[in-house]
Every structure is written in structure tokens, then in C-alpha cells.
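Enquirer: Below is the structure I would like to discuss, written out as C-alpha cells.
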Amino acid sequence: MKKKYNISVEATLEVLGGKWKCVILCHLTHGKKRTSELKRLIPSITQKMLTQQLRELEHDGIINRIVYNQVPPKVEYELSEYGKSLESILTALCNWGDLHIERVYGDRSEYLEESVLNK
């Protein structure tokens with residue numbers, strides 16, 4: 001039986017849903033990252049969850065996994081061409097989050113970690 005969605009946003013959330021996928025993708029909008037770099041940039045994510053989320057994003061064609069043939073092995077992740085089509089959505093989510101933090105808490109600098117994404 002073919003899958004049917006009630007509304008299109010369900011398909012979006014099926015791919016991007018969960019706590020970490022959009023965070024991972026936002027970091028990848030700034031270029032290729034190794035797993036260890038992503039773990040450092042997202043300290044609250046467990047290694048197991050990071051690996052799972054990366055696999056799901058790769059399976060859905062949102063990111064590319066690049067394996068370099070060297071010793072020790074090197075693996076990087078980047079947005080695929082398809083994944084790059086999400087950049088405006090991710091930017092809009094970040095902008096809305098800034099407004100929400102300011103509305104609810106006041107000064108956003110007190111509630112955002114130091115990060116390249118929070119400049």
C-alpha cells in the first residue's frame with residue numbers, strides 16, 4: 001500500500017523531525033564536517049544518536065557521506081544538492097528561533113551558546 005500524507009508538511013517532518021536533524025543540517029550549511037567535529041559542535045548529542053541521525057539523513061539523500069581511502073580512515077559529511085534545497089528553510093527556522101528567544105526570554109545572547117551559528 002502506498003503511503004499517503006494528510007498534508008505535505010508531514011513528509012517534511014518525516015525527514016527532518018526529531019531534536020537533532022535540523023541542528024546537524026545547520027552546521028553542515030557551513031561546509032563539510034567530520035563526525036568528531038559535529039560531536040564537538042553539538043555537545044549534548046550522544047555519539048549513538050549522532051550516528052543514527054547521520055545515517056537517516058544519508059538514507060533520505062539529504063547529506064553525502066564521503067569516505068577517504070587513507071589510514072587512518074577519514075569520513076566527512078556534507079549537504080547533498082537535494083539537501084541544499086533546505087537551506088532557506090533552515091535559515092527561516094533559525095530566524096524564528098531568535099525572535100522566539102527574544103520574545104520569551106529577552107536578550108538572546110544570554111540564552112544562546114557561543115557558536116559560529118549564533119553570530
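Going through the C-alpha cells in order, the chains are called A, B, and so on, while each chain numbers its residues from 1 and the ligands are numbered from 1 in the order shown.
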Residues near segment 62-71 of chain A, anyone? I mean within 9 Å using only C-alpha atoms, not counting same-chain ones fewer than 6 positions away, as number ranges by chain.
Expert: A: 15, 25, 28, 54-56, 77-84, 86
Enquirer: For the residues in the current selection, export C-alpha atoms as a PDB file, in the first residue's frame.
Expert:
```pdb
ATOM      1  CA  VAL A  15      12.682  13.611   7.037  1.00  0.00           C
ATOM      2  CA  LEU A  25      21.976  20.297   8.914  1.00  0.00           C
ATOM      3  CA  LEU A  28      26.556  21.354   7.510  1.00  0.00           C
ATOM      4  CA  LEU A  54      23.571  10.962  10.072  1.00  0.00           C
ATOM      5  CA  ARG A  55      22.612   7.552   8.678  1.00  0.00           C
ATOM      6  CA  GLU A  56      18.953   8.570   8.347  1.00  0.00           C
ATOM      7  CA  TYR A  77      29.565  14.683   5.737  1.00  0.00           C
ATOM      8  CA  GLU A  78      28.204  17.436   3.516  1.00  0.00           C
ATOM      9  CA  LEU A  79      24.825  18.596   2.281  1.00  0.00           C
ATOM     10  CA  SER A  80      23.827  16.911  -0.955  1.00  0.00           C
ATOM     11  CA  GLU A  81      22.430  19.025  -3.776  1.00  0.00           C
ATOM     12  CA  TYR A  82      18.984  17.930  -2.592  1.00  0.00           C
ATOM     13  CA  GLY A  83      19.904  18.856   0.982  1.00  0.00           C
ATOM     14  CA  LYS A  84      20.992  22.330  -0.126  1.00  0.00           C
ATOM     15  CA  LEU A  86      16.637  23.055   2.667  1.00  0.00           C
TER      16      LEU A  86
END
```
Enquirer: Just the number, please: distance in Å from atom CA of Glu87 of chain A to atom CA of Arg103 of chain A, one decimal.
Expert: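 Taking atom CA of Glu87 of chain A as the start and atom CA of Arg103 of chain A as the end point, the length is 24.3 Å.
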Enquirer: By how many Å are atom CA of Met49 of chain A and atom CA of Glu10 of chain A apart?
Expert: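 Distance reported for this atom pair: 22.1 Å.
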Enquirer: Restricting the calculation to only C-alpha atoms, which member of A:Lys2, A:Ser88, A:Asn95, A:Cys22 is positioned closest to Arg108 of chain A?
Expert: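 Smallest distance to Arg108 of chain A is found for A:Asn95.
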Enquirer: Pick out each residue of chain A that DSSP on the backbone tags as helix (DSSP H, G or I); I need them as a VMD selection string.
Expert: chain A and resid 9 to 16 21 to 28 35 to 41 47 to 59 81 to 84 87 to 105 108 to 110 116 to 118
Enquirer: Name the residues in contact with Thr35 of chain A at a cut-off of 9 Å, using only C-alpha atoms, excluding same-chain residues fewer than 5 positions from it; report them as a PDB file with N, CA, C and O atoms, in the first residue's frame.
Expert:
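result-v5.pdb, written as the output of this step:
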```pdb
ATOM      1  N   ARG A  40      31.599  17.760  18.596  1.00  0.00           N
ATOM      2  CA  ARG A  40      32.114  18.909  19.356  1.00  0.00           C
ATOM      3  C   ARG A  40      31.166  20.105  19.259  1.00  0.00           C
ATOM      4  O   ARG A  40      30.938  20.826  20.232  1.00  0.00           O
ATOM      5  N   GLN A  47      26.920  10.033  20.934  1.00  0.00           N
ATOM      6  CA  GLN A  47      27.563   9.509  19.730  1.00  0.00           C
ATOM      7  C   GLN A  47      26.599   8.590  18.981  1.00  0.00           C
ATOM      8  O   GLN A  47      26.506   8.635  17.755  1.00  0.00           O
ATOM      9  N   LEU A  50      23.980  10.727  17.179  1.00  0.00           N
ATOM     10  CA  LEU A  50      24.590  11.419  16.050  1.00  0.00           C
ATOM     11  C   LEU A  50      24.756  10.458  14.874  1.00  0.00           C
ATOM     12  O   LEU A  50      24.380  10.778  13.741  1.00  0.00           O
ATOM     13  N   THR A  51      25.283   9.284  15.143  1.00  0.00           N
ATOM     14  CA  THR A  51      25.475   8.285  14.091  1.00  0.00           C
ATOM     15  C   THR A  51      24.143   7.901  13.458  1.00  0.00           C
ATOM     16  O   THR A  51      24.025   7.830  12.229  1.00  0.00           O
ATOM     17  N   LEU A  54      22.790  10.842  11.306  1.00  0.00           N
ATOM     18  CA  LEU A  54      23.571  10.962  10.072  1.00  0.00           C
ATOM     19  C   LEU A  54      23.180   9.869   9.074  1.00  0.00           C
ATOM     20  O   LEU A  54      23.012  10.138   7.885  1.00  0.00           O
ATOM     21  N   VAL A  75      36.216  10.205   7.288  1.00  0.00           N
ATOM     22  CA  VAL A  75      34.860  10.314   6.760  1.00  0.00           C
ATOM     23  C   VAL A  75      34.368  11.735   7.024  1.00  0.00           C
ATOM     24  O   VAL A  75      34.560  12.274   8.119  1.00  0.00           O
ATOM     25  N   GLU A  76      33.782  12.342   6.013  1.00  0.00           N
ATOM     26  CA  GLU A  76      33.176  13.669   6.160  1.00  0.00           C
ATOM     27  C   GLU A  76      31.736  13.603   5.674  1.00  0.00           C
ATOM     28  O   GLU A  76      31.380  12.755   4.858  1.00  0.00           O
ATOM     29  N   TYR A  77      30.954  14.549   6.164  1.00  0.00           N
ATOM     30  CA  TYR A  77      29.565  14.683   5.737  1.00  0.00           C
ATOM     31  C   TYR A  77      29.369  16.075   5.161  1.00  0.00           C
ATOM     32  O   TYR A  77      29.965  17.047   5.626  1.00  0.00           O
TER      33      TYR A  77
END
```
Enquirer: Using only C-alpha atoms, can you tell me which of A:Ser36, A:Thr91, A:Asn6, A:Ser109 comes closest to Val23 of chain A?
Expert: A:Thr91
